[in-house]
Amino acid sequence: MEKKYAGIAAPLLRWFAQNKRDLPWRQDKEPYHVWISEIMLQQTRIEAVMKYYARFMEALPDVQSLSAVADDTLLKLWEGLGYYSRARNLKKAAQAIMTDYGGVFPDNYEALRRLAGIGDYTAGAIASICFGERVPAVDGNVLRVLSRLTGSRDNVLLPETKKAVTADLRAVMPEQAGDFNEALMELGETVCLPNGFPLCGECPLREQCTAYRQNLTAELPVRIKKQKRRREDKTVLLLIADDGDIALEKRPDSGLLSGMYQLPNIEGFLEEAALRETLTSRDLRPSEIVFLRETKHVFTHIDWFMRGWRVRVHHKPEGFLWVSPRELQENYALPTAFRKLLKES
Ligand code: SF4
């Protein structure tokens with residue numbers, strides 16, 4: 001079976017040899033330099049990193065000085081870069097290099113990966129660039145290039161996509177692993193630009209690129225953010241009339257549980273006094289109000305927290321559908337979220 005990224009190494013390496021930018025941390029492939037620059041680049045653009053990098057190296061030129069720096073000094077040096085935990089992890093990792101490795105930078109992916117703040121990408125970058133280990137270094141730039149290259153619609157924000165790309169890339173890593181990884185990153189940063197405006201005319205992979213050929217560069221890569229869960233609090237009413245009928249309402253025709261029946265409910269948690277007031281305003285004069293219990297119901301992106309109350313009323317005002325418990329059982333689909341409260345009544 002043909003390897004997924006077969007044939008990209010040679011044109012990439014040729015392109016990189018002619019086009020690579022002259023960046024300070026590239027001059028000597030010193031692991032300390034590559035490490036600090038990679039951590040800084042995780043949150044800031046290259047142009048901005050230059051000045052932070054120079055300031056940092058002047059104050060802390062090696063692992064030893066970083067391991068011994070006072071926290072305040074370190075945080076001051078990191079000021080403007082944000083994500084201060086990254087600076088703290090740098091110091092932690094430097095201390096581990098001093099104590100566990102005698103001050104010598106670990107020279108392989110596995111050992112690097114165990115240091116504080118060094119993830120798959122950074123370990124791959126240092127191991128390949130500084131020690132020639134044939135391991136991939138996959139970041140957002142690389143994922144963008146490769147998704148477009150193959151026309152992949154896999155969501156690049158999912159860890160499984162990154163894992164699959166890493167495995168496929170591993171199969172085509174050339175001898176010059178560091179240059180290959182840097183070339184891919186550089187191509188993503190300078191040519192295969194995000195937001196649908198890549199400079200395909202300058203790209204060494206143009207001939208092989210699916211997105212270019214099929215005009216898909218604006219659609220790829222696919223980035224679907226996981227939706228945040230939302231919490232909704234509800235006061236739910238089990239309204240029971242003197243004849244035993246129970247009040248239902250119909251939910252709106254669109255949205256969650258659309259068109260289904262529900263127990264009447266009010267947004268938020270109401271205490272008994274406020275609840276009594278609300279009921280009176282809706283022409284429901286309660287003869288009894290009893291708190292039942294609190295339940296939680298989990299939907300795909302919403303959690304309902306419900307406090308249920310049993311409310312007995314003498315008459316049945318309009319605006320509700322009044323049904324007997326038997327009718328409710330046989331003819332009305334009441335969502336589970338509400339059935340839980342019925343059981344308690
Ligand atoms: S041809 Fe265009 S879209 Fe394809 S990898 Fe190159 S720059 Fe990206």
# chains A, B, ... in the order shown; residues from 1 in each chain; ligands from 1
call {"tool": "residues_around", "arguments": {"residues": "region 333-345 of chain A", "least_positions_apart": "5", "cutoff": "10 Å", "atoms": "only C-alpha atoms", "output": "compact mmCIF listing (two decimals) with C-alpha atoms, in the first residue's frame"}}
result
# COMPACT_ATOMS: atom_id res chain seq x y z
CA VAL A 236 -40.56 22.00 37.71
CA LEU A 237 -44.17 21.76 38.78
CA LEU A 238 -46.20 18.63 39.23
CA ILE A 240 -52.34 18.06 40.51
CA LEU A 248 -48.96 19.33 30.96
CA LYS A 250 -46.38 21.42 24.97
CA LEU A 257 -37.35 17.99 22.83
CA MET A 260 -43.05 16.95 23.20
CA TYR A 261 -45.10 17.40 26.35
CA GLN A 262 -43.54 18.52 29.57
CA LEU A 263 -44.42 19.32 33.14
CA PRO A 264 -44.84 23.09 33.50
CA VAL A 290 -44.37 20.15 48.72
CA PHE A 291 -40.77 20.00 47.60
CA LEU A 292 -40.08 16.65 45.92
CA ARG A 293 -36.41 16.52 45.02
CA GLU A 294 -33.64 17.75 42.78
CA THR A 295 -32.70 15.78 39.67
CA LYS A 296 -30.24 16.22 36.85
CA HIS A 297 -30.77 15.27 33.25
CA VAL A 298 -27.90 15.21 30.76
CA PHE A 299 -28.45 16.08 27.09
CA TRP A 304 -30.75 20.39 33.22
CA PHE A 305 -30.77 20.75 36.97
CA MET A 306 -34.39 20.45 38.07
CA ARG A 307 -36.02 21.09 41.44
CA GLY A 308 -39.43 19.49 41.47
CA TRP A 309 -42.44 20.62 43.53
CA ARG A 310 -45.82 18.93 43.94
CA PRO A 325 -52.46 9.75 35.32
CA LEU A 328 -50.55 10.40 30.76
call {"tool": "residues_around", "arguments": {"residues": "Lys3 (chain A)", "least_positions_apart": "4", "cutoff": "10 Å", "atoms": "only C-alpha atoms", "output": "count of residues only"}}
result
5
call {"tool": "residues_around", "arguments": {"residues": "Glu327 (chain A)", "least_positions_apart": "3", "cutoff": "12 Å", "atoms": "only C-alpha atoms", "output": "PyMOL selection string"}}
result
chain A and resi 244-248+321-324+330-334
call {"tool": "residues_around", "arguments": {"residues": "region 80-92 of chain A", "least_positions_apart": "6", "cutoff": "6 Å", "atoms": "only C-alpha atoms", "output": "ChimeraX atom specification"}}
result
/A:66-67,116-117
call {"tool": "residues_around", "arguments": {"residues": "region 180-184 of chain A", "least_positions_apart": "4", "cutoff": "7 Å", "atoms": "only C-alpha atoms", "output": "list in words"}}
result
Ala9, Leu12, Leu13, Phe16, Pro136, Ala137, Val142, Gln176 and Gly188 of chain A
call {"tool": "residues_near_ligand", "arguments": {"ligand": "ligand 1", "cutoff": "6 Å", "atoms": "only C-alpha atoms and all ligand atoms", "output": "PyMOL selection string"}}
result
chain A and resi 145+148-149+191-192+198-200+203+205-206+209+211-212+217
call {"tool": "select_by_dssp", "arguments": {"residues": "region 54-267 of chain A", "states": "strand (DSSP E or B)", "output": "PyMOL selection string"}}
result
chain A and resi 155+222+230-241+246-250+261-262+265-267
call {"tool": "residues_around", "arguments": {"residues": "Asn195 (chain A)", "least_positions_apart": "5", "cutoff": "12 Å", "atoms": "only C-alpha atoms", "output": "list in words"}}
result
Asn141, Arg144, Gly188, Leu216, Thr217, Ala218, Glu219, Leu220, Pro221, Val222 and Arg223 of chain A
call {"tool": "select_by_dssp", "arguments": {"residues": "region 217-291 of chain A", "states": "alpha helix (DSSP H)", "output": "VMD selection string"}}
result
chain A and resid 272 to 281
call {"tool": "write_last_selection", "arguments": {"atoms": "N, CA and C atoms", "output": "mmCIF file, in the first residue's frame"}}
result
data_model
loop_
_atom_site.group_PDB
_atom_site.id
_atom_site.type_symbol
_atom_site.label_atom_id
_atom_site.label_comp_id
_atom_site.auth_asym_id
_atom_site.auth_seq_id
_atom_site.Cartn_x
_atom_site.Cartn_y
_atom_site.Cartn_z
ATOM 1 N N GLU A 272 -39.891 28.640 48.054
ATOM 2 C CA GLU A 272 -41.335 28.429 48.179
ATOM 3 C C GLU A 272 -42.141 29.736 48.084
ATOM 4 N N ALA A 273 -41.660 30.797 48.749
ATOM 5 C CA ALA A 273 -42.425 32.045 48.752
ATOM 6 C C ALA A 273 -42.533 32.607 47.326
ATOM 7 N N ALA A 274 -41.417 32.603 46.615
ATOM 8 C CA ALA A 274 -41.413 33.135 45.247
ATOM 9 C C ALA A 274 -42.257 32.260 44.333
ATOM 10 N N LEU A 275 -42.222 30.967 44.611
ATOM 11 C CA LEU A 275 -43.003 30.041 43.803
ATOM 12 C C LEU A 275 -44.502 30.299 44.005
ATOM 13 N N ARG A 276 -44.888 30.487 45.275
ATOM 14 C CA ARG A 276 -46.295 30.746 45.595
ATOM 15 C C ARG A 276 -46.771 32.007 44.861
ATOM 16 N N GLU A 277 -45.926 33.013 44.857
ATOM 17 C CA GLU A 277 -46.262 34.272 44.185
ATOM 18 C C GLU A 277 -46.463 34.048 42.668
ATOM 19 N N THR A 278 -45.551 33.307 42.072
ATOM 20 C CA THR A 278 -45.630 33.036 40.632
ATOM 21 C C THR A 278 -46.897 32.254 40.293
ATOM 22 N N LEU A 279 -47.212 31.281 41.134
ATOM 23 C CA LEU A 279 -48.405 30.463 40.879
ATOM 24 C C LEU A 279 -49.663 31.316 40.938
ATOM 25 N N THR A 280 -49.715 32.180 41.932
ATOM 26 C CA THR A 280 -50.889 33.038 42.084
ATOM 27 C C THR A 280 -51.050 33.929 40.860
ATOM 28 N N SER A 281 -49.935 34.434 40.350
ATOM 29 C CA SER A 281 -50.018 35.314 39.184
ATOM 30 C C SER A 281 -50.524 34.564 37.952
#
call {"tool": "closest_residue", "arguments": {"among": "A:Leu193, A:Ile36, A:Ala17, A:Ile8", "to": "Tyr52 (chain A)", "atoms": "only C-alpha atoms"}}
result
A:Ile36
call {"tool": "residues_around", "arguments": {"residues": "Ile224 (chain A)", "least_positions_apart": "5", "cutoff": "10 Å", "atoms": "only C-alpha atoms", "output": "number ranges by chain"}}
result
A: 154-158
call {"tool": "write_last_selection", "arguments": {"atoms": "N, CA and C atoms", "output": "CSV table (one decimal), in the first residue's frame"}}
result
chain,number,residue,atom,x,y,z
A,154,ASP,N,-10.9,15.2,8.1
A,154,ASP,CA,-10.8,14.8,9.5
A,154,ASP,C,-10.7,16.1,10.4
A,155,ASN,N,-11.3,16.2,11.5
A,155,ASN,CA,-11.3,17.4,12.3
A,155,ASN,C,-9.9,17.5,13.0
A,156,VAL,N,-9.1,18.5,12.6
A,156,VAL,CA,-7.8,18.6,13.1
A,156,VAL,C,-7.7,19.0,14.6
A,157,LEU,N,-8.8,19.3,15.2
A,157,LEU,CA,-8.8,19.6,16.6
A,157,LEU,C,-8.9,18.4,17.5
A,158,LEU,N,-9.1,17.2,16.9
A,158,LEU,CA,-9.3,16.0,17.6
A,158,LEU,C,-7.9,15.3,17.8
